[in-house]
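Enquirer: data-v3.tsv is reproduced in full below (TSV, N, CA and C atoms).
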```tsv
chain	number	residue	atom	x	y	z
A	1	MET	N	0.84	-1.18	0.00
A	1	MET	CA	0.00	0.00	0.00
A	1	MET	C	0.89	1.25	0.00
A	2	VAL	N	0.48	2.21	-0.78
A	2	VAL	CA	1.18	3.50	-0.85
A	2	VAL	C	0.15	4.58	-0.48
A	3	ARG	N	0.59	5.56	0.25
A	3	ARG	CA	-0.29	6.69	0.57
A	3	ARG	C	0.40	7.96	0.12
A	4	ILE	N	-0.30	8.75	-0.68
A	4	ILE	CA	0.21	10.06	-1.07
A	4	ILE	C	-0.69	11.11	-0.44
A	5	PHE	N	-0.13	12.30	-0.27
A	5	PHE	CA	-0.85	13.35	0.45
A	5	PHE	C	-1.12	14.56	-0.45
A	6	THR	N	-1.70	15.58	0.13
A	6	THR	CA	-2.20	16.75	-0.60
A	6	THR	C	-1.26	17.24	-1.70
A	7	ASP	N	0.00	17.49	-1.36
A	7	ASP	CA	0.94	18.05	-2.35
A	7	ASP	C	1.09	17.15	-3.56
A	8	GLU	N	1.20	15.84	-3.33
A	8	GLU	CA	1.37	14.92	-4.45
A	8	GLU	C	0.08	14.77	-5.26
A	9	ILE	N	-1.06	14.83	-4.60
A	9	ILE	CA	-2.33	14.78	-5.33
A	9	ILE	C	-2.45	16.00	-6.22
A	10	ILE	N	-2.10	17.17	-5.69
A	10	ILE	CA	-2.13	18.40	-6.48
A	10	ILE	C	-1.15	18.30	-7.64
A	11	ASN	N	0.06	17.78	-7.39
A	11	ASN	CA	1.01	17.58	-8.48
A	11	ASN	C	0.45	16.67	-9.55
A	12	ALA	N	-0.20	15.59	-9.14
A	12	ALA	CA	-0.80	14.66	-10.10
A	12	ALA	C	-1.82	15.36	-10.98
A	13	VAL	N	-2.67	16.18	-10.37
A	13	VAL	CA	-3.69	16.91	-11.13
A	13	VAL	C	-3.04	17.94	-12.05
A	14	CYS	N	-2.05	18.68	-11.55
A	14	CYS	CA	-1.37	19.68	-12.38
A	14	CYS	C	-0.72	19.05	-13.61
A	15	ILE	N	-0.03	17.94	-13.40
A	15	ILE	CA	0.64	17.26	-14.51
A	15	ILE	C	-0.39	16.73	-15.51
A	16	HIS	N	-1.45	16.13	-14.99
A	16	HIS	CA	-2.50	15.56	-15.85
A	16	HIS	C	-3.16	16.65	-16.71
A	17	ILE	N	-3.53	17.74	-16.09
A	17	ILE	CA	-4.20	18.83	-16.82
A	17	ILE	C	-3.22	19.50	-17.79
A	18	ALA	N	-1.98	19.69	-17.37
A	18	ALA	CA	-0.98	20.31	-18.24
A	18	ALA	C	-0.79	19.49	-19.51
A	19	GLU	N	-0.73	18.17	-19.38
A	19	GLU	CA	-0.59	17.31	-20.55
A	19	GLU	C	-1.79	17.43	-21.47
A	20	ARG	N	-2.98	17.49	-20.89
A	20	ARG	CA	-4.20	17.60	-21.71
A	20	ARG	C	-4.34	18.95	-22.40
A	21	ARG	N	-3.89	20.01	-21.72
A	21	ARG	CA	-4.06	21.37	-22.25
A	21	ARG	C	-2.85	21.89	-23.01
A	22	GLY	N	-1.73	21.16	-22.95
A	22	GLY	CA	-0.53	21.61	-23.63
A	22	GLY	C	0.13	22.82	-22.99
A	23	VAL	N	0.08	22.85	-21.65
A	23	VAL	CA	0.71	23.93	-20.89
A	23	VAL	C	1.71	23.30	-19.92
A	24	GLN	N	2.43	24.12	-19.21
A	24	GLN	CA	3.36	23.65	-18.18
A	24	GLN	C	2.58	23.36	-16.89
A	25	PRO	N	3.00	22.35	-16.13
A	25	PRO	CA	2.32	22.06	-14.86
A	25	PRO	C	2.30	23.27	-13.92
A	26	THR	N	3.31	24.13	-14.01
A	26	THR	CA	3.34	25.32	-13.16
A	26	THR	C	2.30	26.36	-13.56
A	27	ASP	N	1.67	26.18	-14.74
A	27	ASP	CA	0.61	27.08	-15.19
A	27	ASP	C	-0.76	26.68	-14.65
A	28	VAL	N	-0.81	25.59	-13.89
A	28	VAL	CA	-2.07	25.06	-13.37
A	28	VAL	C	-2.11	25.26	-11.86
A	29	GLU	N	-3.20	25.84	-11.36
A	29	GLU	CA	-3.42	25.98	-9.92
A	29	GLU	C	-4.56	25.07	-9.53
A	30	VAL	N	-4.45	24.41	-8.38
A	30	VAL	CA	-5.46	23.44	-7.96
A	30	VAL	C	-5.85	23.67	-6.50
A	31	GLN	N	-7.15	23.60	-6.23
A	31	GLN	CA	-7.67	23.67	-4.86
A	31	GLN	C	-8.56	22.45	-4.66
A	32	LEU	N	-8.14	21.54	-3.77
A	32	LEU	CA	-8.92	20.34	-3.48
A	32	LEU	C	-10.01	20.66	-2.47
A	33	SER	N	-11.13	19.94	-2.56
A	33	SER	CA	-12.19	20.12	-1.58
A	33	SER	C	-13.03	18.85	-1.45
A	34	TRP	N	-13.81	18.83	-0.40
A	34	TRP	CA	-14.73	17.72	-0.15
A	34	TRP	C	-15.99	18.29	0.46
A	35	ASP	N	-17.13	17.79	0.00
A	35	ASP	CA	-18.39	18.11	0.67
A	35	ASP	C	-19.33	16.92	0.53
A	36	GLU	N	-20.35	16.90	1.36
A	36	GLU	CA	-21.26	15.75	1.41
A	36	GLU	C	-22.02	15.55	0.12
A	37	GLU	N	-22.34	16.61	-0.57
A	37	GLU	CA	-23.14	16.50	-1.80
A	37	GLU	C	-22.33	16.00	-2.99
A	38	TYR	N	-21.12	16.54	-3.17
A	38	TYR	CA	-20.34	16.23	-4.37
A	38	TYR	C	-19.16	15.30	-4.12
A	39	GLY	N	-18.80	15.04	-2.89
A	39	GLY	CA	-17.64	14.21	-2.59
A	39	GLY	C	-16.36	14.98	-2.81
A	40	TYR	N	-15.33	14.30	-3.33
A	40	TYR	CA	-14.03	14.92	-3.56
A	40	TYR	C	-14.04	15.61	-4.92
A	41	THR	N	-13.64	16.88	-4.92
A	41	THR	CA	-13.59	17.66	-6.15
A	41	THR	C	-12.33	18.53	-6.13
A	42	ALA	N	-12.07	19.15	-7.25
A	42	ALA	CA	-10.96	20.11	-7.32
A	42	ALA	C	-11.40	21.25	-8.22
A	43	GLU	N	-11.08	22.45	-7.81
A	43	GLU	CA	-11.24	23.60	-8.69
A	43	GLU	C	-9.85	23.92	-9.19
A	44	LEU	N	-9.75	24.15	-10.49
A	44	LEU	CA	-8.45	24.48	-11.03
A	44	LEU	C	-8.55	25.68	-11.94
A	45	TRP	N	-7.41	26.34	-12.09
A	45	TRP	CA	-7.31	27.52	-12.93
A	45	TRP	C	-6.16	27.32	-13.89
A	46	VAL	N	-6.45	27.52	-15.18
A	46	VAL	CA	-5.44	27.46	-16.22
A	46	VAL	C	-5.65	28.67	-17.11
A	47	SER	N	-4.62	29.46	-17.27
A	47	SER	CA	-4.69	30.66	-18.10
A	47	SER	C	-5.89	31.54	-17.73
A	48	GLY	N	-6.11	31.69	-16.43
A	48	GLY	CA	-7.17	32.57	-15.96
A	48	GLY	C	-8.56	31.98	-16.04
A	49	ARG	N	-8.71	30.75	-16.50
A	49	ARG	CA	-10.03	30.13	-16.60
A	49	ARG	C	-10.19	29.06	-15.52
A	50	SER	N	-11.37	29.02	-14.94
A	50	SER	CA	-11.67	28.09	-13.86
A	50	SER	C	-12.38	26.85	-14.41
A	51	GLN	N	-12.11	25.71	-13.78
A	51	GLN	CA	-12.75	24.45	-14.16
A	51	GLN	C	-12.86	23.60	-12.90
A	52	TYR	N	-13.91	22.78	-12.83
A	52	TYR	CA	-14.07	21.86	-11.72
A	52	TYR	C	-13.84	20.43	-12.19
A	53	LEU	N	-13.17	19.65	-11.35
A	53	LEU	CA	-12.99	18.23	-11.61
A	53	LEU	C	-13.76	17.45	-10.56
A	54	ILE	N	-14.37	16.36	-10.99
A	54	ILE	CA	-15.06	15.49	-10.04
A	54	ILE	C	-14.13	14.37	-9.62
A	55	GLU	N	-14.59	13.54	-8.70
A	55	GLU	CA	-13.74	12.50	-8.12
A	55	GLU	C	-13.14	11.57	-9.17
A	56	SER	N	-13.90	11.19	-10.18
A	56	SER	CA	-13.35	10.27	-11.19
A	56	SER	C	-12.19	10.92	-11.95
A	57	ASN	N	-12.24	12.23	-12.16
A	57	ASN	CA	-11.11	12.93	-12.79
A	57	ASN	C	-9.88	12.91	-11.89
A	58	LEU	N	-10.09	13.09	-10.59
A	58	LEU	CA	-8.98	13.04	-9.64
A	58	LEU	C	-8.35	11.65	-9.63
A	59	LEU	N	-9.18	10.62	-9.64
A	59	LEU	CA	-8.67	9.26	-9.65
A	59	LEU	C	-7.88	8.97	-10.92
A	60	GLU	N	-8.35	9.48	-12.05
A	60	GLU	CA	-7.63	9.30	-13.32
A	60	GLU	C	-6.25	9.96	-13.25
A	61	ALA	N	-6.19	11.15	-12.70
A	61	ALA	CA	-4.91	11.87	-12.57
A	61	ALA	C	-3.95	11.09	-11.66
A	62	ILE	N	-4.46	10.57	-10.55
A	62	ILE	CA	-3.63	9.80	-9.63
A	62	ILE	C	-3.16	8.51	-10.28
A	63	GLU	N	-4.05	7.87	-11.00
A	63	GLU	CA	-3.71	6.63	-11.73
A	63	GLU	C	-2.53	6.86	-12.67
A	64	GLN	N	-2.60	7.90	-13.46
A	64	GLN	CA	-1.53	8.21	-14.42
A	64	GLN	C	-0.24	8.63	-13.69
A	65	TYR	N	-0.39	9.38	-12.62
A	65	TYR	CA	0.76	9.81	-11.83
A	65	TYR	C	1.50	8.61	-11.24
A	66	MET	N	0.75	7.66	-10.70
A	66	MET	CA	1.36	6.47	-10.12
A	66	MET	C	2.15	5.69	-11.17
A	67	PHE	N	1.63	5.62	-12.38
A	67	PHE	CA	2.32	4.90	-13.44
A	67	PHE	C	3.58	5.66	-13.87
A	68	SER	N	3.46	6.96	-14.06
A	68	SER	CA	4.59	7.76	-14.55
A	68	SER	C	5.69	7.95	-13.52
A	69	TYR	N	5.33	8.13	-12.25
A	69	TYR	CA	6.32	8.49	-11.24
A	69	TYR	C	6.70	7.37	-10.28
A	70	TYR	N	5.86	6.35	-10.18
A	70	TYR	CA	6.15	5.22	-9.30
A	70	TYR	C	6.28	3.91	-10.08
A	71	ASN	N	6.05	3.98	-11.38
A	71	ASN	CA	6.10	2.81	-12.25
A	71	ASN	C	5.17	1.70	-11.74
A	72	ARG	N	3.99	2.12	-11.27
A	72	ARG	CA	2.99	1.18	-10.75
A	72	ARG	C	1.71	1.34	-11.54
A	73	ARG	N	1.23	0.24	-12.09
A	73	ARG	CA	-0.05	0.24	-12.80
A	73	ARG	C	-1.14	0.00	-11.76
A	74	VAL	N	-1.97	1.01	-11.52
A	74	VAL	CA	-3.08	0.88	-10.58
A	74	VAL	C	-4.37	1.23	-11.31
A	75	PHE	N	-5.45	0.79	-10.74
A	75	PHE	CA	-6.76	1.07	-11.30
A	75	PHE	C	-7.54	1.94	-10.33
A	76	ARG	N	-8.53	2.61	-10.82
A	76	ARG	CA	-9.32	3.51	-9.96
A	76	ARG	C	-9.87	2.79	-8.75
A	77	SER	N	-10.24	1.53	-8.95
A	77	SER	CA	-10.78	0.75	-7.82
A	77	SER	C	-9.73	0.49	-6.74
A	78	ASP	N	-8.45	0.70	-7.07
A	78	ASP	CA	-7.36	0.51	-6.10
A	78	ASP	C	-7.07	1.78	-5.30
A	79	ILE	N	-7.75	2.88	-5.63
A	79	ILE	CA	-7.45	4.18	-5.01
A	79	ILE	C	-8.61	4.58	-4.11
A	80	ARG	N	-8.28	4.94	-2.89
A	80	ARG	CA	-9.28	5.43	-1.94
A	80	ARG	C	-8.85	6.81	-1.47
A	81	LEU	N	-9.72	7.79	-1.66
A	81	LEU	CA	-9.42	9.16	-1.23
A	81	LEU	C	-9.91	9.36	0.19
A	82	GLY	N	-9.22	10.23	0.90
A	82	GLY	CA	-9.61	10.54	2.27
A	82	GLY	C	-9.17	11.94	2.66
A	83	LEU	N	-9.65	12.36	3.81
A	83	LEU	CA	-9.35	13.70	4.31
A	83	LEU	C	-9.20	13.64	5.81
A	84	ASN	N	-8.09	14.14	6.32
A	84	ASN	CA	-7.90	14.34	7.74
A	84	ASN	C	-8.37	15.76	8.03
A	85	GLU	N	-9.61	15.87	8.49
A	85	GLU	CA	-10.22	17.19	8.66
A	85	GLU	C	-9.50	18.04	9.71
A	86	ASP	N	-8.96	17.41	10.74
A	86	ASP	CA	-8.25	18.16	11.78
A	86	ASP	C	-7.05	18.90	11.23
A	87	GLU	N	-6.34	18.26	10.29
A	87	GLU	CA	-5.13	18.86	9.72
A	87	GLU	C	-5.37	19.49	8.35
A	88	GLY	N	-6.55	19.28	7.78
A	88	GLY	CA	-6.83	19.80	6.44
A	88	GLY	C	-5.99	19.11	5.38
A	89	GLU	N	-5.62	17.86	5.62
A	89	GLU	CA	-4.73	17.10	4.73
A	89	GLU	C	-5.52	16.05	3.96
A	90	PHE	N	-5.47	16.14	2.63
A	90	PHE	CA	-6.07	15.11	1.78
A	90	PHE	C	-5.07	14.00	1.61
A	91	TRP	N	-5.57	12.77	1.37
A	91	TRP	CA	-4.68	11.65	1.09
A	91	TRP	C	-5.36	10.70	0.10
A	92	ALA	N	-4.53	9.95	-0.58
A	92	ALA	CA	-5.00	8.90	-1.47
A	92	ALA	C	-4.24	7.64	-1.09
A	93	GLU	N	-4.98	6.60	-0.77
A	93	GLU	CA	-4.39	5.32	-0.42
A	93	GLU	C	-4.50	4.40	-1.61
A	94	ILE	N	-3.37	3.89	-2.06
A	94	ILE	CA	-3.32	3.07	-3.26
A	94	ILE	C	-2.93	1.66	-2.87
A	95	SER	N	-3.80	0.71	-3.15
A	95	SER	CA	-3.52	-0.70	-2.86
A	95	SER	C	-3.23	-1.41	-4.17
A	96	GLY	N	-2.86	-2.66	-4.07
A	96	GLY	CA	-2.66	-3.47	-5.27
A	96	GLY	C	-1.26	-3.45	-5.80
```
Just dump the structure as structure tokens.
Expert:
Amino acid sequence: MVRIFTDEIINAVCIHIAERRGVQPTDVEVQLSWDEEYGYTAELWVSGRSQYLIESNLLEAIEQYMFSYYNRRVFRSDIRLGLNEDEGEFWAEISG
């Protein structure tokens, strides 16, 4: 099992969106959030434009990040997102 935290999840999303949009990862800003109605989401800004990602988009970004940076093939069903509300720290637990 591997656990990654907020910074790495944000990096995963930045890299994923940068590849899709043809920009540098440093051109992408990400704010993770969780609420009872929508679950885990992210608001991101690229070139001054805002976009929301839902949980499946976050899982896709983490999936690709794990393959590219950890050389591990994981599936969305292997990833569990969580939040330590006391510390404001998001985490993704990857099994398999």
Enquirer: Could you jot down the CA of Val30 (chain A) to CA of Asn71 (chain A) separation for me, Å, one decimal place?
Expert: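 So the two atoms, CA of Val30 (chain A) and CA of Asn71 (chain A), lie 24.0 Å apart.
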Enquirer: For Glu29 (chain A), find every residue with an atom within 6 Å (counting only N, CA and C atoms), except residues of its own chain fewer than 3 positions away, and show them as number ranges by chain.
Expert: A: 26, 43-46
Enquirer: Point out the residue among A:Asp27, A:Glu19, A:Phe90, A:Phe67 with the least atom-to-atom distance to Gly48 (chain A), counting only N, CA and C atoms.
Expert: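 Comparing A:Asp27, A:Glu19, A:Phe90, A:Phe67 against Gly48 (chain A), the winner is A:Asp27.
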Enquirer: Quick one: everything within 8 Å of Phe5 (chain A), counting only N, CA and C atoms, minus sequence neighbours fewer than 3 positions away in the same chain. Send it as a list in words.
Expert: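 Listing them by chain and then by number gives Val2, Glu8, Ile9, Ile10, Asn11, Glu89, Phe90, Trp91, Ala92 and Glu93 of chain A.
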Enquirer: Pick from A:Arg80, A:Glu60, A:Asp86, A:Val28: nearest to Cys14 (chain A), with only N, CA and C atoms counted?
Expert: A:Val28
Enquirer: Between atom C of Leu58 (chain A) and atom N of Ile15 (chain A), what is the distance, to one decimal in Å?
Expert: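 One can read the atom C of Leu58 (chain A) to atom N of Ile15 (chain A) distance as 11.1 Å.
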Enquirer: Report, as lines of an AutoDock Vina configuration file, the centre and edge lengths in Å (one decimal) of the axis-aligned box enclosing every listed atom of region 26-31 of chain A, padded by 6 Å on each side.
Expert:
```
center_x = -2.6
center_y = 24.8
center_z = -9.9
size_x = 23.9
size_y = 16.6
size_z = 22.5
```
Enquirer: Using Å and a single decimal, report how far CA of Asp78 (chain A) sits from CA of Ile62 (chain A).
Expert: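 That distance, rounded to one decimal, is 10.6 Å.
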Enquirer: Please write as a list of chain:residue names the list of polymer residues whose atoms come within 12 Å of (-17.0, 12.3, -5.0), counting only C-alpha atoms and keeping to the coordinates of the file.
Expert: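 Checking each residue against the 12 Å limit leaves A:Leu32, A:Ser33, A:Trp34, A:Asp35, A:Glu36, A:Glu37, A:Tyr38, A:Gly39, A:Tyr40, A:Thr41, A:Ala42, A:Leu53, A:Ile54, A:Glu55, A:Ser56, A:Asn57, A:Leu58, A:Leu59, A:Arg80, A:Leu81, A:Gly82.
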Enquirer: Could you take the residues named above and write them with N, CA and C atoms, as a PDB file, keeping the file's coordinate frame?
Expert:
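Generated output (out.pdb):
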```pdb
ATOM      1  N   LEU A  32      -8.140  21.540  -3.770  1.00  0.00           N
ATOM      2  CA  LEU A  32      -8.920  20.340  -3.480  1.00  0.00           C
ATOM      3  C   LEU A  32     -10.010  20.660  -2.470  1.00  0.00           C
ATOM      4  N   SER A  33     -11.130  19.940  -2.560  1.00  0.00           N
ATOM      5  CA  SER A  33     -12.190  20.120  -1.580  1.00  0.00           C
ATOM      6  C   SER A  33     -13.030  18.850  -1.450  1.00  0.00           C
ATOM      7  N   TRP A  34     -13.810  18.830  -0.400  1.00  0.00           N
ATOM      8  CA  TRP A  34     -14.730  17.720  -0.150  1.00  0.00           C
ATOM      9  C   TRP A  34     -15.990  18.290   0.460  1.00  0.00           C
ATOM     10  N   ASP A  35     -17.130  17.790   0.000  1.00  0.00           N
ATOM     11  CA  ASP A  35     -18.390  18.110   0.670  1.00  0.00           C
ATOM     12  C   ASP A  35     -19.330  16.920   0.530  1.00  0.00           C
ATOM     13  N   GLU A  36     -20.350  16.900   1.360  1.00  0.00           N
ATOM     14  CA  GLU A  36     -21.260  15.750   1.410  1.00  0.00           C
ATOM     15  C   GLU A  36     -22.020  15.550   0.120  1.00  0.00           C
ATOM     16  N   GLU A  37     -22.340  16.610  -0.570  1.00  0.00           N
ATOM     17  CA  GLU A  37     -23.140  16.500  -1.800  1.00  0.00           C
ATOM     18  C   GLU A  37     -22.330  16.000  -2.990  1.00  0.00           C
ATOM     19  N   TYR A  38     -21.120  16.540  -3.170  1.00  0.00           N
ATOM     20  CA  TYR A  38     -20.340  16.230  -4.370  1.00  0.00           C
ATOM     21  C   TYR A  38     -19.160  15.300  -4.120  1.00  0.00           C
ATOM     22  N   GLY A  39     -18.800  15.040  -2.890  1.00  0.00           N
ATOM     23  CA  GLY A  39     -17.640  14.210  -2.590  1.00  0.00           C
ATOM     24  C   GLY A  39     -16.360  14.980  -2.810  1.00  0.00           C
ATOM     25  N   TYR A  40     -15.330  14.300  -3.330  1.00  0.00           N
ATOM     26  CA  TYR A  40     -14.030  14.920  -3.560  1.00  0.00           C
ATOM     27  C   TYR A  40     -14.040  15.610  -4.920  1.00  0.00           C
ATOM     28  N   THR A  41     -13.640  16.880  -4.920  1.00  0.00           N
ATOM     29  CA  THR A  41     -13.590  17.660  -6.150  1.00  0.00           C
ATOM     30  C   THR A  41     -12.330  18.530  -6.130  1.00  0.00           C
ATOM     31  N   ALA A  42     -12.070  19.150  -7.250  1.00  0.00           N
ATOM     32  CA  ALA A  42     -10.960  20.110  -7.320  1.00  0.00           C
ATOM     33  C   ALA A  42     -11.400  21.250  -8.220  1.00  0.00           C
ATOM     34  N   LEU A  53     -13.170  19.650 -11.350  1.00  0.00           N
ATOM     35  CA  LEU A  53     -12.990  18.230 -11.610  1.00  0.00           C
ATOM     36  C   LEU A  53     -13.760  17.450 -10.560  1.00  0.00           C
ATOM     37  N   ILE A  54     -14.370  16.360 -10.990  1.00  0.00           N
ATOM     38  CA  ILE A  54     -15.060  15.490 -10.040  1.00  0.00           C
ATOM     39  C   ILE A  54     -14.130  14.370  -9.620  1.00  0.00           C
ATOM     40  N   GLU A  55     -14.590  13.540  -8.700  1.00  0.00           N
ATOM     41  CA  GLU A  55     -13.740  12.500  -8.120  1.00  0.00           C
ATOM     42  C   GLU A  55     -13.140  11.570  -9.170  1.00  0.00           C
ATOM     43  N   SER A  56     -13.900  11.190 -10.180  1.00  0.00           N
ATOM     44  CA  SER A  56     -13.350  10.270 -11.190  1.00  0.00           C
ATOM     45  C   SER A  56     -12.190  10.920 -11.950  1.00  0.00           C
ATOM     46  N   ASN A  57     -12.240  12.230 -12.160  1.00  0.00           N
ATOM     47  CA  ASN A  57     -11.110  12.930 -12.790  1.00  0.00           C
ATOM     48  C   ASN A  57      -9.880  12.910 -11.890  1.00  0.00           C
ATOM     49  N   LEU A  58     -10.090  13.090 -10.590  1.00  0.00           N
ATOM     50  CA  LEU A  58      -8.980  13.040  -9.640  1.00  0.00           C
ATOM     51  C   LEU A  58      -8.350  11.650  -9.630  1.00  0.00           C
ATOM     52  N   LEU A  59      -9.180  10.620  -9.640  1.00  0.00           N
ATOM     53  CA  LEU A  59      -8.670   9.260  -9.650  1.00  0.00           C
ATOM     54  C   LEU A  59      -7.880   8.970 -10.920  1.00  0.00           C
ATOM     55  N   ARG A  80      -8.280   4.940  -2.890  1.00  0.00           N
ATOM     56  CA  ARG A  80      -9.280   5.430  -1.940  1.00  0.00           C
ATOM     57  C   ARG A  80      -8.850   6.810  -1.470  1.00  0.00           C
ATOM     58  N   LEU A  81      -9.720   7.790  -1.660  1.00  0.00           N
ATOM     59  CA  LEU A  81      -9.420   9.160  -1.230  1.00  0.00           C
ATOM     60  C   LEU A  81      -9.910   9.360   0.190  1.00  0.00           C
ATOM     61  N   GLY A  82      -9.220  10.230   0.900  1.00  0.00           N
ATOM     62  CA  GLY A  82      -9.610  10.540   2.270  1.00  0.00           C
ATOM     63  C   GLY A  82      -9.170  11.940   2.660  1.00  0.00           C
TER      64      GLY A  82
END
```
Enquirer: Please identify which residues in chain A DSSP calls strand (DSSP E or B) from the backbone, and express them as a PyMOL selection string.
Expert: chain A and resi 2-5+28-35+39-46+49-53+79-84+89-94
Enquirer: As number ranges by chain, list the residues of region 2-76 of chain A assigned to alpha helix (DSSP H) by DSSP on the backbone atoms of this structure.
Expert: A: 6-21, 55-70
Enquirer: Could those selected residues go to a file with N, CA and C atoms, as a short mmCIF file (atom, residue, chain, number, x, y, z; two decimals), in the coordinates of the input?
Expert:
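Generated output (again.cif):
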```cif
data_model
loop_
_atom_site.label_atom_id
_atom_site.label_comp_id
_atom_site.auth_asym_id
_atom_site.auth_seq_id
_atom_site.Cartn_x
_atom_site.Cartn_y
_atom_site.Cartn_z
N THR A 6 -1.70 15.58 0.13
CA THR A 6 -2.20 16.75 -0.60
C THR A 6 -1.26 17.24 -1.70
N ASP A 7 0.00 17.49 -1.36
CA ASP A 7 0.94 18.05 -2.35
C ASP A 7 1.09 17.15 -3.56
N GLU A 8 1.20 15.84 -3.33
CA GLU A 8 1.37 14.92 -4.45
C GLU A 8 0.08 14.77 -5.26
N ILE A 9 -1.06 14.83 -4.60
CA ILE A 9 -2.33 14.78 -5.33
C ILE A 9 -2.45 16.00 -6.22
N ILE A 10 -2.10 17.17 -5.69
CA ILE A 10 -2.13 18.40 -6.48
C ILE A 10 -1.15 18.30 -7.64
N ASN A 11 0.06 17.78 -7.39
CA ASN A 11 1.01 17.58 -8.48
C ASN A 11 0.45 16.67 -9.55
N ALA A 12 -0.20 15.59 -9.14
CA ALA A 12 -0.80 14.66 -10.10
C ALA A 12 -1.82 15.36 -10.98
N VAL A 13 -2.67 16.18 -10.37
CA VAL A 13 -3.69 16.91 -11.13
C VAL A 13 -3.04 17.94 -12.05
N CYS A 14 -2.05 18.68 -11.55
CA CYS A 14 -1.37 19.68 -12.38
C CYS A 14 -0.72 19.05 -13.61
N ILE A 15 -0.03 17.94 -13.40
CA ILE A 15 0.64 17.26 -14.51
C ILE A 15 -0.39 16.73 -15.51
N HIS A 16 -1.45 16.13 -14.99
CA HIS A 16 -2.50 15.56 -15.85
C HIS A 16 -3.16 16.65 -16.71
N ILE A 17 -3.53 17.74 -16.09
CA ILE A 17 -4.20 18.83 -16.82
C ILE A 17 -3.22 19.50 -17.79
N ALA A 18 -1.98 19.69 -17.37
CA ALA A 18 -0.98 20.31 -18.24
C ALA A 18 -0.79 19.49 -19.51
N GLU A 19 -0.73 18.17 -19.38
CA GLU A 19 -0.59 17.31 -20.55
C GLU A 19 -1.79 17.43 -21.47
N ARG A 20 -2.98 17.49 -20.89
CA ARG A 20 -4.20 17.60 -21.71
C ARG A 20 -4.34 18.95 -22.40
N ARG A 21 -3.89 20.01 -21.72
CA ARG A 21 -4.06 21.37 -22.25
C ARG A 21 -2.85 21.89 -23.01
N GLU A 55 -14.59 13.54 -8.70
CA GLU A 55 -13.74 12.50 -8.12
C GLU A 55 -13.14 11.57 -9.17
N SER A 56 -13.90 11.19 -10.18
CA SER A 56 -13.35 10.27 -11.19
C SER A 56 -12.19 10.92 -11.95
N ASN A 57 -12.24 12.23 -12.16
CA ASN A 57 -11.11 12.93 -12.79
C ASN A 57 -9.88 12.91 -11.89
N LEU A 58 -10.09 13.09 -10.59
CA LEU A 58 -8.98 13.04 -9.64
C LEU A 58 -8.35 11.65 -9.63
N LEU A 59 -9.18 10.62 -9.64
CA LEU A 59 -8.67 9.26 -9.65
C LEU A 59 -7.88 8.97 -10.92
N GLU A 60 -8.35 9.48 -12.05
CA GLU A 60 -7.63 9.30 -13.32
C GLU A 60 -6.25 9.96 -13.25
N ALA A 61 -6.19 11.15 -12.70
CA ALA A 61 -4.91 11.87 -12.57
C ALA A 61 -3.95 11.09 -11.66
N ILE A 62 -4.46 10.57 -10.55
CA ILE A 62 -3.63 9.80 -9.63
C ILE A 62 -3.16 8.51 -10.28
N GLU A 63 -4.05 7.87 -11.00
CA GLU A 63 -3.71 6.63 -11.73
C GLU A 63 -2.53 6.86 -12.67
N GLN A 64 -2.60 7.90 -13.46
CA GLN A 64 -1.53 8.21 -14.42
C GLN A 64 -0.24 8.63 -13.69
N TYR A 65 -0.39 9.38 -12.62
CA TYR A 65 0.76 9.81 -11.83
C TYR A 65 1.50 8.61 -11.24
N MET A 66 0.75 7.66 -10.70
CA MET A 66 1.36 6.47 -10.12
C MET A 66 2.15 5.69 -11.17
N PHE A 67 1.63 5.62 -12.38
CA PHE A 67 2.32 4.90 -13.44
C PHE A 67 3.58 5.66 -13.87
N SER A 68 3.46 6.96 -14.06
CA SER A 68 4.59 7.76 -14.55
C SER A 68 5.69 7.95 -13.52
N TYR A 69 5.33 8.13 -12.25
CA TYR A 69 6.32 8.49 -11.24
C TYR A 69 6.70 7.37 -10.28
N TYR A 70 5.86 6.35 -10.18
CA TYR A 70 6.15 5.22 -9.30
C TYR A 70 6.28 3.91 -10.08
#
```
Enquirer: Would you list the contacts of His16 (chain A) as a count of residues only, taking every protein, DNA or RNA residue within 8 Å and counting only C-alpha atoms, but skipping same-chain residues closer than 3 positions in sequence?
Expert: 7
